[in-house]
Structures are given as C-alpha cells and as structure tokens.
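Peer 1: Following this line is model.txt, made up of compact mmCIF, C-alpha atoms:
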```
# COMPACT_ATOMS: atom_id res chain seq x y z
CA MET A 7 64.05 125.26 126.24
CA ASP A 8 61.97 128.09 124.74
CA ALA A 9 58.28 127.30 124.44
CA ASP A 10 58.34 127.97 120.69
CA GLN A 11 61.47 125.92 120.09
CA PRO A 12 60.69 122.43 118.70
CA ASP A 13 62.34 119.42 120.28
CA ILE A 14 65.41 118.86 118.14
CA GLY A 15 67.48 117.05 120.73
CA ILE A 16 69.49 119.96 122.13
CA PRO A 17 71.35 118.86 125.28
CA PRO A 18 70.06 121.05 128.15
CA GLU A 19 73.56 122.29 128.96
CA HIS A 20 73.94 123.61 125.40
CA GLU A 21 70.62 125.43 125.01
CA ALA A 22 72.27 128.82 125.62
CA SER A 23 74.91 128.07 122.95
CA PHE A 24 72.21 127.12 120.46
CA LYS A 25 70.24 130.30 121.19
CA ALA A 26 73.37 132.43 120.70
CA PHE A 27 74.27 130.63 117.46
CA LYS A 28 70.75 130.95 116.05
CA GLN A 29 70.63 134.63 116.91
CA SER A 30 73.96 135.30 115.23
CA THR A 31 72.88 133.49 112.06
CA GLN A 32 69.69 135.56 111.99
CA GLU A 33 71.64 138.79 112.42
CA LYS A 34 73.94 137.81 109.54
CA GLY A 35 70.92 137.09 107.34
CA LEU A 36 72.02 133.48 106.87
CA LEU A 37 68.59 131.97 107.56
CA THR A 38 66.76 133.89 104.87
CA GLY A 39 69.51 134.48 102.33
CA HIS A 40 68.59 131.66 99.94
CA ASN A 41 68.08 133.88 96.91
CA THR A 42 67.51 131.02 94.48
CA LEU A 43 65.24 128.98 96.76
CA GLU A 44 61.66 128.83 95.54
CA SER A 45 59.03 130.32 97.85
CA ARG A 46 57.36 126.93 98.22
CA ASP A 47 60.62 125.16 99.18
CA LEU A 48 61.10 124.13 102.79
CA CYS A 49 64.42 125.00 104.42
CA ASP A 50 64.97 121.47 105.77
CA GLY A 51 68.62 120.56 105.51
CA LEU A 52 69.59 124.15 104.73
CA SER A 53 68.82 126.50 107.63
CA ASP A 54 66.21 124.82 109.83
CA PRO A 55 66.91 124.36 113.58
CA THR A 56 68.01 120.75 113.05
CA THR A 57 70.65 121.82 110.54
CA LEU A 58 71.88 124.57 112.85
CA LEU A 59 72.24 122.02 115.64
CA ARG A 60 74.40 119.82 113.40
CA PHE A 61 76.78 122.70 112.70
CA LEU A 62 76.89 123.61 116.38
CA ALA A 63 77.60 120.02 117.46
CA ALA A 64 80.38 119.80 114.85
CA ARG A 65 82.13 122.68 116.60
CA GLN A 66 81.68 121.26 120.09
CA PHE A 67 78.87 123.76 120.79
CA ASP A 68 81.07 126.77 120.22
CA PRO A 69 78.68 129.40 118.73
CA ASP A 70 81.47 131.44 117.13
CA GLY A 71 83.08 128.41 115.52
CA ALA A 72 79.71 127.14 114.30
CA LEU A 73 78.87 130.56 112.83
CA LYS A 74 82.15 130.64 110.91
CA GLN A 75 81.57 127.18 109.45
CA PHE A 76 77.90 127.81 108.64
CA GLN A 77 78.87 131.04 106.90
CA GLU A 78 81.48 129.17 104.87
CA ALA A 79 78.90 126.57 103.85
CA CYS A 80 76.40 129.28 102.83
CA GLU A 81 79.05 131.08 100.78
CA PHE A 82 79.97 127.79 99.09
CA ARG A 83 76.33 127.19 98.15
CA GLU A 84 75.99 130.67 96.74
CA GLU A 85 79.26 130.60 94.82
CA LYS A 86 78.50 127.17 93.37
CA HIS A 87 74.77 127.92 92.66
CA ILE A 88 73.86 124.69 94.47
CA LEU A 89 70.21 125.51 95.19
CA ARG A 90 69.40 126.31 91.58
CA LEU A 91 71.49 123.40 90.33
CA TYR A 92 69.47 121.04 92.54
CA ASP A 93 66.37 121.88 90.50
CA LEU A 94 68.15 121.80 87.13
CA VAL A 95 70.80 119.07 87.38
CA ASP A 96 70.62 116.47 84.64
CA ILE A 97 69.01 113.36 86.12
CA ASP A 98 71.55 111.09 84.41
CA ASP A 99 74.40 113.07 86.01
CA PHE A 100 72.73 112.70 89.39
CA GLU A 101 72.35 108.95 88.90
CA GLN A 102 75.97 108.66 87.82
CA ALA A 103 76.90 110.21 91.16
CA ARG A 104 74.86 107.49 92.87
CA GLN A 105 77.40 104.98 91.55
CA ILE A 106 80.38 106.53 93.36
CA TYR A 107 78.89 107.97 96.57
CA PRO A 108 77.11 106.22 99.45
CA HIS A 109 73.44 105.97 98.49
CA TRP A 110 70.31 105.35 100.51
CA THR A 111 68.99 101.82 100.29
CA GLY A 112 65.44 102.85 101.21
CA ARG A 113 65.89 101.05 104.53
CA ARG A 114 66.58 102.24 108.08
CA ASP A 115 68.46 100.92 111.09
CA LYS A 116 66.94 100.05 114.46
CA LYS A 117 66.99 103.71 115.51
CA GLY A 118 65.26 104.83 112.33
CA LEU A 119 68.38 106.24 110.68
CA PRO A 120 68.73 105.83 106.90
CA ILE A 121 71.17 103.15 105.79
CA CYS A 122 73.52 104.27 103.00
CA MET A 123 75.60 101.73 101.09
CA LEU A 124 78.78 101.89 99.03
CA ASP A 125 80.72 99.12 97.33
CA VAL A 126 84.26 100.47 96.89
CA GLY A 127 84.86 97.85 94.23
CA HIS A 128 82.90 100.13 91.89
CA LEU A 129 85.34 102.98 92.53
CA ASP A 130 87.58 101.51 89.87
CA LYS A 131 89.93 103.19 87.42
CA ASP A 132 87.17 104.06 84.94
CA ALA A 133 84.85 105.50 87.62
CA LEU A 134 87.64 107.63 89.06
CA ALA A 135 88.58 108.81 85.55
CA ARG A 136 85.01 110.02 85.01
CA TRP A 137 85.09 111.69 88.42
CA GLU A 138 88.40 113.34 87.52
CA THR A 139 86.86 114.95 84.44
CA THR A 140 84.29 116.72 86.61
CA ARG A 141 87.03 117.65 89.09
CA LYS A 142 88.86 119.57 86.36
CA ARG A 143 85.73 121.10 84.86
CA SER A 144 84.93 124.79 85.31
CA ARG A 145 82.04 125.38 87.67
CA TRP A 146 78.59 125.80 86.20
CA ILE A 147 77.18 129.33 86.57
CA TYR A 148 73.45 129.84 86.67
CA SER A 149 71.87 132.49 84.51
CA GLN A 150 68.17 133.22 84.11
CA LEU A 151 68.97 133.76 80.44
CA ALA A 152 70.46 130.29 80.10
CA THR A 153 69.46 128.13 77.14
CA VAL A 154 67.83 124.71 77.43
CA GLU A 155 71.27 123.10 77.50
CA PRO A 156 71.56 120.98 80.67
CA PRO A 157 73.99 122.15 83.37
CA SER A 158 77.56 120.87 83.25
CA PRO A 159 78.57 121.02 86.92
CA ASP A 160 82.04 120.55 88.33
CA MET A 161 82.83 117.80 90.81
CA LEU A 162 82.02 119.72 93.99
CA GLN A 163 78.77 121.04 92.52
CA LEU A 164 77.57 117.58 91.54
CA ALA A 165 78.69 116.02 94.82
CA SER A 166 76.98 118.78 96.79
CA VAL A 167 73.73 118.34 94.89
CA TYR A 168 73.92 114.62 95.59
CA TYR A 169 74.51 115.07 99.32
CA ASP A 170 71.79 117.72 99.42
CA SER A 171 69.38 114.90 98.63
CA LEU A 172 70.37 113.30 101.95
CA ALA A 173 70.04 116.51 103.94
CA ARG A 174 67.00 117.98 102.18
CA PHE A 175 64.90 114.89 101.44
CA ILE A 176 66.03 111.63 103.09
CA LEU A 177 66.71 112.85 106.64
CA PRO A 178 63.44 114.87 106.80
CA LEU A 179 61.53 111.84 105.49
CA CYS A 180 63.02 109.58 108.16
CA SER A 181 62.28 112.28 110.76
CA MET A 182 58.59 112.16 109.85
CA MET A 183 58.40 108.44 110.55
CA THR A 184 56.99 107.67 114.00
CA ASP A 185 57.93 103.96 114.04
CA ARG A 186 61.23 104.59 115.80
CA PRO A 187 62.39 104.71 119.43
CA ASN A 188 62.35 108.51 119.80
CA PRO A 189 60.00 109.91 117.12
CA SER A 190 59.83 113.40 118.62
CA VAL A 191 63.51 114.09 117.87
CA PRO A 192 64.48 114.61 114.20
CA VAL A 193 66.80 112.21 112.40
CA THR A 194 69.98 114.17 111.71
CA ASN A 195 72.41 111.57 110.42
CA ALA A 196 72.76 108.25 108.61
CA ILE A 197 74.60 105.00 109.08
CA PHE A 198 77.02 104.17 106.26
CA VAL A 199 77.79 100.56 105.33
CA VAL A 200 80.82 100.14 103.08
CA ASP A 201 81.69 96.92 101.27
CA ALA A 202 85.49 96.75 101.13
CA SER A 203 85.69 93.16 99.87
CA ASN A 204 87.39 94.11 96.62
CA LEU A 205 89.58 96.94 97.85
CA GLY A 206 93.13 96.56 96.54
CA LEU A 207 96.28 98.37 97.63
CA LYS A 208 96.69 100.11 94.27
CA GLN A 209 93.03 101.14 94.26
CA ALA A 210 93.28 102.51 97.81
CA TRP A 211 96.18 104.74 96.79
CA GLY A 212 94.19 105.93 93.78
CA LEU A 213 91.35 107.00 96.07
CA ARG A 214 93.40 109.56 98.00
CA PHE A 215 92.21 112.65 96.06
CA PHE A 216 88.64 111.36 96.04
CA ALA A 217 88.75 110.86 99.82
CA GLN A 218 90.25 114.31 100.41
CA GLU A 219 87.72 116.19 98.28
CA ILE A 220 84.64 114.41 99.62
CA SER A 221 85.86 114.55 103.22
CA TRP A 222 86.24 118.34 102.91
CA LEU A 223 82.77 118.72 101.43
CA LEU A 224 81.09 116.57 104.07
CA SER A 225 82.89 118.13 107.03
CA THR A 226 82.34 121.69 105.78
CA CYS A 227 78.82 121.65 104.33
CA TYR A 228 77.24 118.51 105.82
CA PRO A 229 78.71 118.17 109.32
CA GLU A 230 77.39 115.48 111.64
CA THR A 231 75.37 113.73 108.92
CA ILE A 232 77.37 110.53 109.50
CA GLN A 233 76.43 108.56 112.60
CA ARG A 234 79.00 105.84 111.93
CA VAL A 235 80.72 104.10 109.01
CA LEU A 236 80.90 100.30 109.08
CA VAL A 237 83.61 99.09 106.71
CA CYS A 238 82.71 95.46 106.01
CA ASN A 239 84.82 92.53 104.79
CA ALA A 240 88.00 94.55 105.06
CA PRO A 241 90.99 92.68 103.61
CA SER A 242 93.72 91.62 105.99
CA TYR A 243 95.97 94.44 104.80
CA TYR A 244 93.29 97.09 105.31
CA ARG A 245 94.76 98.36 108.56
CA THR A 246 97.96 99.12 106.67
CA VAL A 247 95.97 100.93 103.99
CA TRP A 248 93.97 102.78 106.64
CA LYS A 249 97.13 104.33 108.06
CA TYR A 250 97.40 106.26 104.79
CA LEU A 251 93.70 106.79 104.10
CA LYS A 252 93.14 108.18 107.60
CA GLY A 253 95.34 111.14 106.83
CA TRP A 254 93.08 112.11 103.92
CA VAL A 255 89.86 112.01 105.92
CA ASP A 256 88.44 114.63 108.28
CA PRO A 257 89.51 113.54 111.81
CA TYR A 258 85.97 113.73 113.22
CA THR A 259 84.75 111.47 110.43
CA ALA A 260 87.69 109.11 110.92
CA GLU A 261 86.65 108.59 114.54
CA LYS A 262 83.30 107.21 113.35
CA ILE A 263 84.80 104.55 111.08
CA VAL A 264 84.64 100.95 112.33
CA VAL A 265 86.66 98.39 110.35
CA LEU A 266 85.20 94.88 110.34
CA LEU A 267 86.89 91.68 109.20
CA GLU A 268 84.66 89.06 107.57
CA ALA A 269 83.85 87.18 110.78
CA GLU A 270 82.85 90.43 112.52
CA VAL A 271 80.50 91.76 109.86
CA LEU A 272 77.15 90.05 110.49
CA PRO A 273 77.28 90.13 114.32
CA THR A 274 78.17 93.83 114.24
CA LEU A 275 75.57 94.76 111.62
CA ARG A 276 72.92 92.95 113.68
CA GLU A 277 73.67 95.29 116.60
CA TYR A 278 72.39 98.18 114.48
CA ILE A 279 70.25 96.74 111.70
CA ASP A 280 67.47 94.14 111.45
CA ASP A 281 68.16 91.15 109.20
CA ALA A 282 65.46 92.30 106.76
CA ASN A 283 67.56 95.38 106.01
CA ILE A 284 71.02 93.76 105.95
CA PRO A 285 72.23 92.94 102.40
CA THR A 286 72.28 89.26 101.56
CA LYS A 287 75.99 89.55 100.80
CA PHE A 288 76.57 90.13 104.52
CA GLY A 289 74.20 87.37 105.68
CA GLY A 290 70.96 89.35 105.81
CA LYS A 291 67.76 89.15 103.77
CA PHE A 292 67.86 92.40 101.81
CA GLN A 293 68.35 92.01 98.05
CA TYR A 294 70.69 94.93 97.56
CA THR A 295 72.61 95.74 94.39
CA HIS A 296 75.11 98.57 94.04
CA GLY A 297 73.66 101.80 92.67
CA MET A 298 70.04 100.70 93.03
CA LEU A 299 67.25 103.19 93.63
CA PRO A 300 65.93 103.19 97.23
CA ASP A 301 63.84 100.10 97.96
CA LEU A 302 61.44 101.56 100.50
CA ASP A 303 60.53 99.65 103.64
CA ASP A 304 56.83 98.89 104.14
CA ASN A 305 56.18 101.68 106.64
CA ILE A 306 57.70 104.37 104.43
CA GLN A 307 55.72 103.06 101.45
CA GLN A 308 52.54 103.31 103.49
CA PHE A 309 53.45 106.78 104.76
CA LEU A 310 54.02 108.04 101.23
CA ASN A 311 50.98 106.15 99.92
CA SER A 312 53.34 104.54 97.44
CA ASP A 313 51.18 101.67 96.18
CA SER A 314 52.45 101.49 92.63
CA SER A 315 56.15 101.19 93.35
CA THR A 316 58.45 100.13 96.16
CA SER A 317 61.04 102.64 94.99
CA LEU A 318 61.49 106.36 94.47
CA PRO A 319 62.10 107.88 91.04
CA PRO A 320 65.65 108.63 89.91
CA GLY A 321 67.15 112.09 90.32
CA PRO A 322 66.89 114.68 93.11
CA LEU A 323 63.80 114.94 95.32
CA LYS A 324 62.82 117.74 97.68
CA TRP A 325 60.09 118.79 100.10
CA ILE A 326 57.84 121.74 99.40
CA ARG A 327 54.77 123.20 101.10
CA ASP A 328 51.77 123.07 98.78
CA SER A 329 48.95 125.60 98.60
CA ASP A 330 47.08 123.75 101.38
CA GLY A 331 50.09 123.96 103.69
CA ARG A 332 50.83 120.25 103.41
CA ARG A 333 54.27 118.79 102.91
CA THR A 334 54.76 117.47 99.38
CA ALA A 335 57.59 115.41 97.91
CA LEU A 336 58.64 116.72 94.52
CA ALA A 337 60.91 115.12 91.92
CA VAL A 338 63.08 117.78 90.28
CA GLY A 339 66.13 117.89 88.01
CA SER A 340 66.05 117.92 84.22
CA LYS A 341 65.95 115.50 81.32
CA ALA A 342 67.17 116.58 77.86
CA GLY A 343 67.05 120.19 79.04
CA SER A 344 63.43 119.94 80.23
CA GLU A 345 62.95 120.83 83.91
CA ARG A 346 60.99 118.28 85.95
CA SER A 347 58.47 119.06 88.68
CA ASP A 348 56.61 115.84 89.46
CA LYS A 349 54.62 115.37 92.64
CA ILE A 350 55.58 112.09 94.32
CA ALA A 351 53.57 112.20 97.53
CA THR A 352 51.73 114.55 99.83
CA VAL A 353 51.69 114.03 103.59
CA ASP A 354 49.65 115.78 106.24
CA ARG A 355 52.41 116.35 108.73
CA ILE A 356 54.70 119.36 108.26
CA GLY A 357 57.04 118.22 111.05
CA GLN A 358 59.74 120.30 112.65
```
Is it possible to give me this structure as structure tokens?

Peer 2:
Amino acid sequence: MDADQPDIGIPPEHEASFKAFKQSTQEKGLLTGHNTLESRDLCDGLSDPTTLLRFLAARQFDPDGALKQFQEACEFREEKHILRLYDLVDIDDFEQARQIYPHWTGRRDKKGLPICMLDVGHLDKDALARWETTRKRSRWIYSQLATVEPPSPDMLQLASVYYDSLARFILPLCSMMTDRPNPSVPVTNAIFVVDASNLGLKQAWGLRFFAQEISWLLSTCYPETIQRVLVCNAPSYYRTVWKYLKGWVDPYTAEKIVVLLEAEVLPTLREYIDDANIPTKFGGKFQYTHGMLPDLDDNIQQFLNSDSSTSLPPGPLKWIRDSDGRRTALAVGSKAGSERSDKIATVDRIGQ
C-alpha cells in the first residue's frame, strides 16, 4: 500500500486495481467535480477513498466497471441536483422519508456497524400512495435565483437525499468511533433489520415498484452500503412471496438477505447485536419505535459531547471542516423556506 494511502481495508491483492480506479476517476475529474458542494464540506460518502473502494468492490474489483458505475452515479447526482438539495430539502419531507426507508436507530452492532430498522407494516396503501405522488412528480431543478419556496423533489431525489445521510453522516460517524474490533478501518456499510410481522400477500405485490426503484438507486449510487438484511418474523408464506420479490431486487443485494422465522429471530440477532441494541419486540432491551430519531448509544453521545439529548435533530446532517480544521457536524435542510445551518457537535479527529 502507498505510504500516503490511509488504511481503508483494501485487500492486498486488489491494491493495483484500486490505484488504477482512483487514477481514472482523477483523470475524469470525478473527484473534484462537485460544483454545488460548499468549500467547507467534506467529501465523505461522495468521492473519498472509502467510497471509491465500495464502488470497486461492487464491480468485483474491475477498475473499468467501477469507473462506469461511479460515473453514472456522479451524473445522476448532477442531473438531480442532489448535493444542493441535501442542504435545502424541507425537513418535514426528509422526516416523511424516514417513515418508508430503513432508518438508523442510533445503535451499532458488535462490529460497530450502524443498525437500520424498517417495519414493512408501515409501507401500507396510504404510505405507498404518498410515495407514488413523488414518483410521478417532475424533478426539482436548483436555481440560484430560486425563491424562498421549499424544494419539491421527485421520488429519486428525495430517496437519494435520504440515503446520502447514511453515506455522508452516519457511516463517517461510526468510522470515527474507536470502540470497535478494528477501529483503523472505516465503517462502509450497515446492517438492516426488517420487521416483516405484518407483511401480507397483497401488500407484498403492491411493493414491487417500490422495491425496483429503491433497489436501482442503492445498487447504482450506494453500492456495498448493505452488510446484510435480516428479515425478522417472516410469515410462513414469505418464501412464496420472496420468489416474486427477489426478481425486483438487485441480485447482489438479494444475496445479503436472510429470512428469519419467529423462532430464529432472537438467536440470530444475538449473533450480530448486543441485547441492549435489539428492539424489545424481538426479545431485546432497546425501546425502538418505527420512524424514531436515532437514540444514540452512550459512547456516541460522549464522543459528540451530546449531554442535553440522547438523539440527533430531525432532517439531514453532514460533516464539514471548520475554520480550525476540526470536523463539525452540521444540521442542514430548510423549514418554511428558511435554510438551516446549526452546529451539532465538533470533534477533534478528522479521520480518513
């Protein structure tokens, strides 16, 4: 490994592939082409070495294939104005997205990976109808001459902003934590826990377009951010349903899905997660409710010096470098057309 290359977990046999991929992205101007990124913004989750490694791993360490996919993701961001939307998105819209996408609980598994939860029972007819309205909406176009009217993003824009919060804020935060087995290597993915207790056959069929759209977005723009998906309390007919759902999901993602019947849930979760971070519904001690804001574990609270609250504020958060060169967590987004820029925490470690 090059002396100036941080330890990001590159397998030794793939170091040459990573070097070739990084060089090609530099030559294409893909590492510095974030026109709407503020000068103080860090590139975590966008074009940092850890993100490049995720794209490379997603293409089985083929530099040409990784370059093509990374280029597609960059073009998507530019066309959809994702970076500017991240700073301007209406906080209520962002929080509405929390209700239908896996969201971080504020807890981590035994390896230090963030735990994201989703109760598919909340993906009901009304929720999917609201999602469908954004799916049919024209994309929001950023203009510096725009009025104070809040953005009205389409489905892919809003979903991308939401998943950016995982890539740009949550994964870097978990990477900074040293209370994990291998603290020198960045955290690049999350463990997803899905409650399928109330999944019906009719509902599963209604989710096909939702599954297709989100699977495309994740596999294209956020590859290798899923470590595994544990589908808990699956009904007896789930395997029949899965035969259909599997065809709507990216095959690499489908390989990471583990379906658990009720008797298998707690023993399996305990292999990955401490009881303190397992929801009480599954036999653990964590008081989790669907759509809740992250309930930070004690070590993260201490790291962020978060004495006044165990949670993070609603809306998108990002990391910036302040005037002293320190890493600062900033709450962004907008409320009633007013752009937010609230400092949440400042830490001394810049990290990778």

Peer 1: Closest to Glu268 (chain A) among A:Leu251, A:Ile284, A:Ala351, A:Ser203, using only C-alpha atoms?

Peer 2: A:Ser203

Peer 1: Pick from A:Ala79, A:Lys34, A:Val271, A:Leu266: nearest to Arg245 (chain A), with only C-alpha atoms counted?

Peer 2: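 That would be A:Leu266, the residue with the smallest distance to Arg245 (chain A).
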
Peer 1: Would you tabulate, counting all atoms listed in the file, all residues of region 255-348 of chain A that have an atom at most 12 Å from an atom of region 87-94 of chain A, showing the closest pair of atoms and their distance in Å to one decimal, sorted by chain then ascending number, as CSV?

Peer 2:
```
residue,atom,partner,partner_atom,distance
A:Gly321,CA,A:Tyr92,CA,9.5
A:Pro322,CA,A:Tyr92,CA,6.9
A:Leu323,CA,A:Tyr92,CA,8.8
A:Lys324,CA,A:Asp93,CA,9.0
A:Trp325,CA,A:Asp93,CA,11.9
A:Leu336,CA,A:Asp93,CA,10.1
A:Ala337,CA,A:Asp93,CA,8.8
A:Val338,CA,A:Asp93,CA,5.3
A:Gly339,CA,A:Leu94,CA,4.5
A:Ser340,CA,A:Leu94,CA,5.3
A:Lys341,CA,A:Leu94,CA,8.8
A:Ala342,CA,A:Leu94,CA,10.7
A:Gly343,CA,A:Leu94,CA,8.3
A:Ser344,CA,A:Leu94,CA,8.6
A:Glu345,CA,A:Leu94,CA,6.2
A:Arg346,CA,A:Asp93,CA,7.9
A:Ser347,CA,A:Asp93,CA,8.6
A:Asp348,CA,A:Asp93,CA,11.5
```

Peer 1: Between CA of Pro319 (chain A) and CA of Gly290 (chain A), what is the spacing in Å?

Peer 2: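 Computed distance, CA of Gly290 (chain A) to CA of Pro319 (chain A), equals 25.3 Å.
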
Peer 1: Region 133-147 of chain A: which residues within 8 Å, counting only C-alpha atoms, same-chain residues fewer than 4 positions away excluded, as a list in words?

Peer 2: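 These residues fall inside the cut-off: Lys86, His87, Ile106, His128, Leu129, Pro157, Ser158, Pro159, Asp160, Met161, Leu162, Gln163, Leu213 and Phe216 of chain A.
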